[in-house]
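Source file: target-v7.txt; contents: compact mmCIF, C-alpha atoms and all ligand atoms.
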```
# COMPACT_ATOMS: atom_id res chain seq x y z
CA MET A 15 0.00 0.00 0.00
CA ARG A 16 2.76 2.33 0.98
CA ARG A 17 4.59 1.56 -2.28
CA THR A 18 1.48 2.35 -4.37
CA LEU A 19 1.08 5.69 -2.65
CA THR A 20 4.71 6.57 -3.27
CA ALA A 21 4.39 5.73 -6.97
CA GLY A 22 1.20 7.79 -7.19
CA THR A 23 2.89 10.74 -5.56
CA ALA A 24 5.80 10.48 -8.00
CA ILE A 25 3.43 10.54 -10.99
CA ALA A 26 1.60 13.55 -9.54
CA LEU A 27 4.91 15.35 -9.06
CA MET A 28 6.02 14.56 -12.61
CA THR A 29 2.71 15.77 -14.05
CA GLY A 30 3.04 18.94 -12.01
CA ALA A 31 6.57 19.49 -13.27
CA ALA A 32 5.53 19.04 -16.90
CA MET A 33 2.66 21.49 -16.50
CA TRP A 34 4.95 24.01 -14.87
CA PHE A 35 7.33 23.72 -17.81
CA VAL A 36 4.63 24.52 -20.36
CA THR A 37 2.93 27.32 -18.46
CA GLY A 38 6.22 28.71 -17.15
CA ALA A 39 7.63 29.30 -20.66
CA GLY A 40 6.12 32.79 -20.91
CA ALA A 41 7.12 35.80 -18.85
CA PRO A 42 4.91 37.06 -16.05
CA GLY A 43 2.13 39.12 -17.58
CA GLY A 44 2.97 38.04 -21.12
CA GLY A 45 2.79 34.98 -23.29
CA THR A 46 5.00 33.19 -25.79
CA ILE A 47 4.33 32.87 -29.49
CA GLU A 48 5.73 29.79 -31.16
CA ALA A 49 5.59 30.34 -34.89
CA ASP A 50 6.10 27.67 -37.45
CA VAL A 51 6.49 28.70 -41.10
CA LYS A 52 6.26 26.16 -43.88
CA TYR A 53 6.94 26.33 -47.58
CA THR A 54 5.18 24.20 -50.16
CA GLY A 55 7.81 24.53 -52.89
CA ALA A 56 11.39 23.40 -53.34
CA ALA A 57 14.47 25.00 -51.81
CA GLN A 58 16.31 27.49 -54.04
CA VAL A 59 20.04 27.46 -53.62
CA GLU A 60 22.53 29.04 -56.01
CA LYS A 61 26.22 28.26 -56.09
CA LEU A 62 28.84 30.58 -57.50
CA LYS A 63 32.54 30.13 -58.12
CA VAL A 64 34.62 32.61 -56.16
CA ASN A 65 37.99 33.84 -57.42
CA LYS A 66 38.58 36.84 -55.17
CA ASP A 67 39.89 36.93 -51.59
CA THR A 68 39.61 33.15 -51.59
CA GLU A 69 41.69 32.78 -48.41
CA LYS A 70 38.80 34.43 -46.54
CA CYS A 71 35.87 33.76 -48.85
CA GLY A 72 36.56 30.19 -49.92
CA THR A 73 36.18 29.12 -53.56
CA GLU A 74 32.41 28.70 -53.65
CA ALA A 75 29.60 30.97 -52.51
CA VAL A 76 26.31 29.36 -51.56
CA ILE A 77 23.33 31.68 -51.89
CA GLU A 78 20.29 30.32 -50.15
CA LYS A 79 17.34 32.19 -51.70
CA VAL A 80 14.78 29.88 -50.16
CA GLY A 81 16.02 27.62 -47.36
CA VAL A 82 13.85 24.62 -46.58
CA GLY A 83 14.59 22.33 -43.64
CA GLY A 84 12.84 19.56 -41.73
CA ASN A 85 9.04 19.22 -42.15
CA LYS A 86 9.08 21.75 -45.02
CA GLY A 87 10.13 24.44 -42.56
CA LEU A 88 11.08 27.76 -44.15
CA ALA A 89 14.32 29.28 -42.86
CA ASN A 90 15.08 33.00 -42.53
CA ALA A 91 11.49 34.22 -42.33
CA VAL A 92 10.88 37.15 -40.01
CA VAL A 93 7.95 36.71 -37.64
CA SER A 94 6.90 39.88 -35.86
CA VAL A 95 4.27 41.18 -33.47
CA PRO A 96 3.87 44.84 -34.48
CA GLY A 97 1.57 45.58 -31.53
CA ALA A 98 4.13 44.40 -28.93
CA LYS A 99 6.40 47.39 -28.61
CA GLY A 100 9.78 47.95 -27.13
CA ALA A 101 10.56 44.98 -24.90
CA THR A 102 13.94 44.15 -26.43
CA LYS A 103 16.39 46.98 -26.76
CA ALA A 104 19.57 44.92 -27.19
CA LYS A 105 21.65 46.26 -30.05
CA ALA A 106 21.37 44.22 -33.23
CA VAL A 107 24.66 42.96 -34.66
CA LEU A 108 25.44 42.03 -38.25
CA ASP A 109 28.80 40.47 -39.02
CA GLN A 110 30.68 40.02 -42.28
CA HIS A 111 32.35 36.70 -41.85
CA GLY A 112 33.65 34.37 -44.56
CA CYS A 113 32.35 36.91 -47.09
CA LYS A 114 28.80 36.35 -45.90
CA PHE A 115 26.43 38.45 -43.87
CA VAL A 116 25.88 36.65 -40.57
CA PRO A 117 23.07 36.23 -39.78
CA HIS A 118 21.55 36.27 -43.26
CA VAL A 119 18.58 38.16 -41.82
CA VAL A 120 19.18 40.36 -38.80
CA VAL A 121 16.17 41.66 -36.94
CA MET A 122 16.19 44.94 -35.02
CA GLN A 123 13.94 47.52 -33.44
CA PRO A 124 14.21 50.99 -35.03
CA GLY A 125 17.52 52.39 -33.78
CA GLU A 126 21.15 51.38 -34.14
CA LEU A 127 22.74 48.47 -35.94
CA GLU A 128 26.30 47.40 -35.21
CA ILE A 129 28.08 46.16 -38.33
CA LYS A 130 31.22 44.10 -37.87
CA ASN A 131 33.96 43.07 -40.23
CA SER A 132 35.69 40.00 -38.85
CA ASP A 133 37.31 39.03 -42.17
CA ASP A 134 40.45 41.22 -42.22
CA ILE A 135 39.70 42.25 -45.80
CA LEU A 136 37.88 45.19 -47.38
CA HIS A 137 34.09 44.97 -47.44
CA ASN A 138 31.51 47.56 -48.38
CA ILE A 139 28.11 48.14 -46.84
CA HIS A 140 25.49 49.01 -49.43
CA THR A 141 21.84 49.18 -48.39
CA TYR A 142 18.76 49.57 -50.56
CA SER A 143 16.26 51.55 -48.53
CA THR A 144 13.16 53.55 -49.23
CA ALA A 145 12.12 54.62 -45.71
CA ASN A 146 15.66 54.97 -44.26
CA PRO A 147 18.59 56.82 -45.82
CA SER A 148 20.63 54.45 -48.01
CA ILE A 149 24.11 53.56 -46.81
CA ASN A 150 27.05 53.02 -49.16
CA LYS A 151 30.29 52.90 -47.18
CA ALA A 152 33.56 51.03 -47.40
CA GLN A 153 34.50 49.01 -44.34
CA PRO A 154 38.27 48.45 -44.54
CA LYS A 155 39.87 45.60 -42.63
CA PHE A 156 41.06 47.86 -39.80
CA LYS A 157 37.51 49.13 -39.20
CA LYS A 158 36.20 46.26 -37.11
CA THR A 159 32.90 47.87 -36.19
CA MET A 160 30.62 50.54 -37.62
CA THR A 161 27.33 51.72 -36.17
CA GLU A 162 24.51 52.83 -38.44
CA LYS A 163 21.06 54.19 -37.73
CA LEU A 164 17.92 52.62 -39.19
CA GLU A 165 15.04 54.42 -37.58
CA LYS A 166 12.09 53.56 -39.80
CA PRO A 167 10.43 50.15 -40.02
CA GLU A 168 11.48 48.53 -43.28
CA PHE A 169 13.00 45.36 -44.73
CA VAL A 170 16.34 46.54 -46.09
CA LYS A 171 18.43 44.61 -48.59
CA ILE A 172 22.16 44.80 -47.93
CA THR A 173 24.97 43.92 -50.32
CA CYS A 174 28.72 44.34 -50.63
CA ASP A 175 30.10 45.91 -53.81
CA VAL A 176 33.46 44.19 -53.31
CA HIS A 177 31.96 40.67 -53.23
CA SER A 178 28.99 40.56 -55.60
CA TRP A 179 27.45 37.42 -54.08
CA MET A 180 27.16 38.86 -50.56
CA LEU A 181 23.50 39.42 -49.72
CA GLY A 182 21.74 40.00 -46.43
CA TRP A 183 18.62 41.62 -45.02
CA VAL A 184 18.02 43.95 -42.11
CA ALA A 185 14.48 43.67 -40.78
CA VAL A 186 13.65 46.87 -38.93
CA VAL A 187 10.43 46.04 -37.13
CA PRO A 188 8.55 48.12 -34.58
CA GLY A 189 7.52 45.24 -32.33
CA LEU A 190 8.92 42.02 -30.95
CA ALA A 191 10.24 39.70 -33.63
CA GLY A 192 12.20 36.58 -34.39
CA VAL A 193 13.77 34.88 -37.40
CA THR A 194 12.91 31.27 -38.21
CA ASP A 195 15.65 28.67 -37.81
CA LYS A 196 16.55 26.10 -40.49
CA ASP A 197 13.37 24.16 -39.67
CA GLY A 198 11.09 27.17 -39.91
CA VAL A 199 10.52 27.75 -36.21
CA THR A 200 10.94 30.78 -33.98
CA LYS A 201 9.76 31.71 -30.49
CA ILE A 202 8.86 35.18 -29.35
CA GLU A 203 8.63 35.70 -25.61
CA ASN A 204 7.15 38.41 -23.38
CA VAL A 205 4.28 39.13 -25.78
CA PRO A 206 1.54 41.17 -24.06
CA ALA A 207 -1.66 39.18 -23.54
CA GLY A 208 -4.65 39.89 -25.75
CA LYS A 209 -5.35 40.01 -29.45
CA GLN A 210 -2.17 40.40 -31.49
CA LYS A 211 -1.47 40.56 -35.19
CA ILE A 212 1.39 38.27 -36.27
CA GLU A 213 3.21 39.09 -39.48
CA VAL A 214 5.58 36.90 -41.44
CA TRP A 215 7.94 38.14 -44.14
CA HIS A 216 10.34 36.33 -46.40
CA GLU A 217 12.78 37.98 -48.82
CA THR A 218 11.46 36.24 -51.93
CA LEU A 219 8.07 34.84 -50.84
CA GLY A 220 6.44 38.00 -49.50
CA LYS A 221 4.21 38.62 -46.49
CA GLN A 222 1.33 37.06 -44.62
CA GLU A 223 -0.48 37.92 -41.41
CA LYS A 224 -2.75 36.29 -38.86
CA ASP A 225 -4.52 37.34 -35.69
CA VAL A 226 -3.99 35.33 -32.53
CA GLU A 227 -5.11 35.54 -28.92
CA VAL A 228 -2.09 35.60 -26.61
CA LYS A 229 -2.69 34.34 -23.08
CA ALA A 230 -0.49 35.29 -20.14
CA GLY A 231 1.92 32.55 -19.10
CA GLN A 232 1.02 30.31 -22.04
CA VAL A 233 2.47 29.28 -25.38
CA THR A 234 0.34 30.23 -28.39
CA LYS A 235 1.19 28.34 -31.56
CA VAL A 236 0.71 29.91 -34.93
CA SER A 237 1.41 28.32 -38.31
CA PHE A 238 1.97 29.88 -41.69
CA GLU A 239 2.34 28.32 -45.10
CA MET A 240 4.09 30.26 -47.83
CA LYS A 241 3.14 29.14 -51.30
CA GLY A 242 5.63 28.05 -53.93
CA LYS A 243 5.88 30.30 -56.95
CU CU A 301 32.48 42.01 -49.03
```

Would you encode the structure as structure tokens?
Ligand SMILES: [Cu+2]
Amino acid sequence: MRRTLTAGTAIALMTGAAMWFVTGAGAPGGGTIEADVKYTGAAQVEKLKVNKDTEKCGTEAVIEKVGVGGNKGLANAVVSVPGAKGATKAKAVLDQHGCKFVPHVVVMQPGELEIKNSDDILHNIHTYSTANPSINKAQPKFKKTMTEKLEKPEFVKITCDVHSWMLGWVAVVPGLAGVTDKDGVTKIENVPAGKQKIEVWHETLGKQEKDVEVKAGQVTKVSFEMKGK
């Protein structure tokens, strides 16, 4: 009898622990959005031969226009909650490493972006903006860090005129946001409870949005499916 009780107590404790894990994932007063973005088409990856600065850049550039991972998950999609303002103020950082922009899509709140050059070669920052002033500046190897202002919400394409294959995106979004991983998933925490609009953007597949109800202390799942072109 005593044994049975002990086993029962253990199960109750385990169940309690599991429930705490799920409900405890959000911040006090807010909830968590777990977004899952899928793509119905095939991955699009271009490969280019490189014959410049090969000691830093390698001999082949891989340009992932549409990255598709496990379960048709779409990589590098920006998921944002425009109505959830100002909770993360950490400075966004974009690095030029191996003649690539890392990360491929950097997400930031309107404000300052730190741009690094960890390659020890000349790069050039060239942005294509409409809402923000365009930037076109050399970043020589001795200039390890530059700081630029992007104060208006916009998805900004960024290239390097020294290495024609280098392509990245700066997502300047007014609310909380995340970028999907290789399997198309991202989590956004501390989202204020209530009705929220969720937007998803991808550099070649466009935009979609959905309304969700965020509950304090809970995980709200939202799924998107971008259509193949
Ligand atoms: Cu470059």

Go through the chains and note each residue within 10 Å of ligand CU 301 (chain A), using only C-alpha atoms and all ligand atoms, then give the set as a PyMOL selection string. chain A and resi 67+71+110-115+131+133+135-140+152-154+173-181

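Near (17.3, 54.9, -37.3), the residues that fall inside 7 Å on the basis of all atoms listed in the file are Pro124, Gly125, Glu126, Lys163, Leu164, Glu165 and Lys166 of chain A.
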
Kindly save the residues from that selection, with C-alpha atoms included, as a PDB file, in the frame of the given file.
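This went into result32.pdb:
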```
ATOM      1  CA  PRO A 124      14.210  50.990 -35.030  1.00  0.00           C
ATOM      2  CA  GLY A 125      17.520  52.390 -33.780  1.00  0.00           C
ATOM      3  CA  GLU A 126      21.150  51.380 -34.140  1.00  0.00           C
ATOM      4  CA  LYS A 163      21.060  54.190 -37.730  1.00  0.00           C
ATOM      5  CA  LEU A 164      17.920  52.620 -39.190  1.00  0.00           C
ATOM      6  CA  GLU A 165      15.040  54.420 -37.580  1.00  0.00           C
ATOM      7  CA  LYS A 166      12.090  53.560 -39.800  1.00  0.00           C
TER       8      LYS A 166
END
```

Residue neighbourhood A:Ala49, 7 Å, all atoms listed in the file, exclusion window fewer than 2 positions, as a list of chain:residue names: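 The residues that qualify are A:Ile47, A:Val51, A:Val199, A:Thr200, A:Lys201, A:Lys235, A:Val236, A:Ser237.
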
Which polymer residues have any atom within 6 Å of an atom of A:Ala230, counting all atoms listed in the file, with same-chain residues fewer than 6 positions away left out, as number ranges by chain? A: 43-45, 207

From the list A:Lys130, A:Lys79, A:Lys52, A:His118, which residue is nearest A:Thr218 when using all atoms listed in the file?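 Closest to A:Thr218 of all the choices is A:Lys79.
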
Would you mind reading off the distance between atom CA of A:Asp225 and atom CA of A:Pro96, one decimal, in Å? 11.3 Å

Have a look at atom CA of A:Phe169 and atom CA of A:Val93 and let me know their distance in Å, one decimal. 12.3 Å

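All residues of protein, DNA or RNA that reach within 9 Å of A:Glu213, judged by all atoms listed in the file and not counting those fewer than 2 positions away in the chain, are Val92, Val93, Ser94, Val95, Pro96, Lys211, Trp215, Lys221, Gln222, Glu223, Lys224 and Asp225 of chain A.
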
So how far away is atom CA of A:Thr159 from atom CA of A:Ser132, in Å? 8.8 Å
